[in-house]
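> Below you will find the structure I want to go over with you.
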Amino acid sequence: MSARFAPAVFGFVSSCFMSLLITAIATLRNARSVDDCFSIGAGAWRAPWIIALPVILVVIA
């Protein structure tokens, strides 16, 4: 990988993990049953990630 793309790749990976972790914690605390956790969490993860990715890319750049 070129060093030129390192900040973008780092931003992408860190925004995925950050939003996934926060969504997982919130889902586990609010889900009514364990069976609902994955389906609720997967649906709820996209919106925070869409916001987190550009914010991290702007902060890193």
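Please note that chains go A, B, ... in the order of the structure tokens, that every chain numbers its residues from 1, and that ligands are numbered from 1 in the order shown.
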Could you pull the residues within 7 Å of segment 51-58 of chain A, counting only C-alpha atoms, minus those fewer than 5 positions along the same chain, as a ChimeraX atom specification?
/A:8,11-12,15,19
> Please provide the set of residues having any atom within 12 Å of Leu28 of chain A, restricted to only C-alpha atoms, with same-chain residues fewer than 3 positions apart removed, written as a ChimeraX atom specification.
/A:20-25,31-41,44
> Report, in Å with one decimal, the straight-line distance from atom CA of Pro7 of chain A to atom CA of Ala47 of chain A.
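Atom-to-atom, atom CA of Pro7 of chain A to atom CA of Ala47 of chain A, that is 21.9 Å.
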> Take atom CA of Met1 of chain A and atom CA of Arg46 of chain A and report the distance between them in Å, one decimal.
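Computing the Euclidean distance for atom CA of Met1 of chain A and atom CA of Arg46 of chain A yields 26.4 Å.
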> Could you work out how far atom CA of Trp49 of chain A lies from atom CA of Val13 of chain A, giving the answer in Å with one decimal?
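Those two atoms sit 10.6 Å apart.
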> Would you mind telling me which residue in A:Pro48, A:Arg4, A:Asn30, A:Gly43 lies nearest to Met18 of chain A when using only C-alpha atoms?
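Using only C-alpha atoms, the shortest distance to Met18 of chain A belongs to A:Pro48.
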> For a quick check of understanding, using only C-alpha atoms, which of A:Phe17, A:Val59, A:Thr27, A:Val9 has the smallest distance to Ala42 of chain A?
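That would be A:Thr27, the residue with the smallest distance to Ala42 of chain A.
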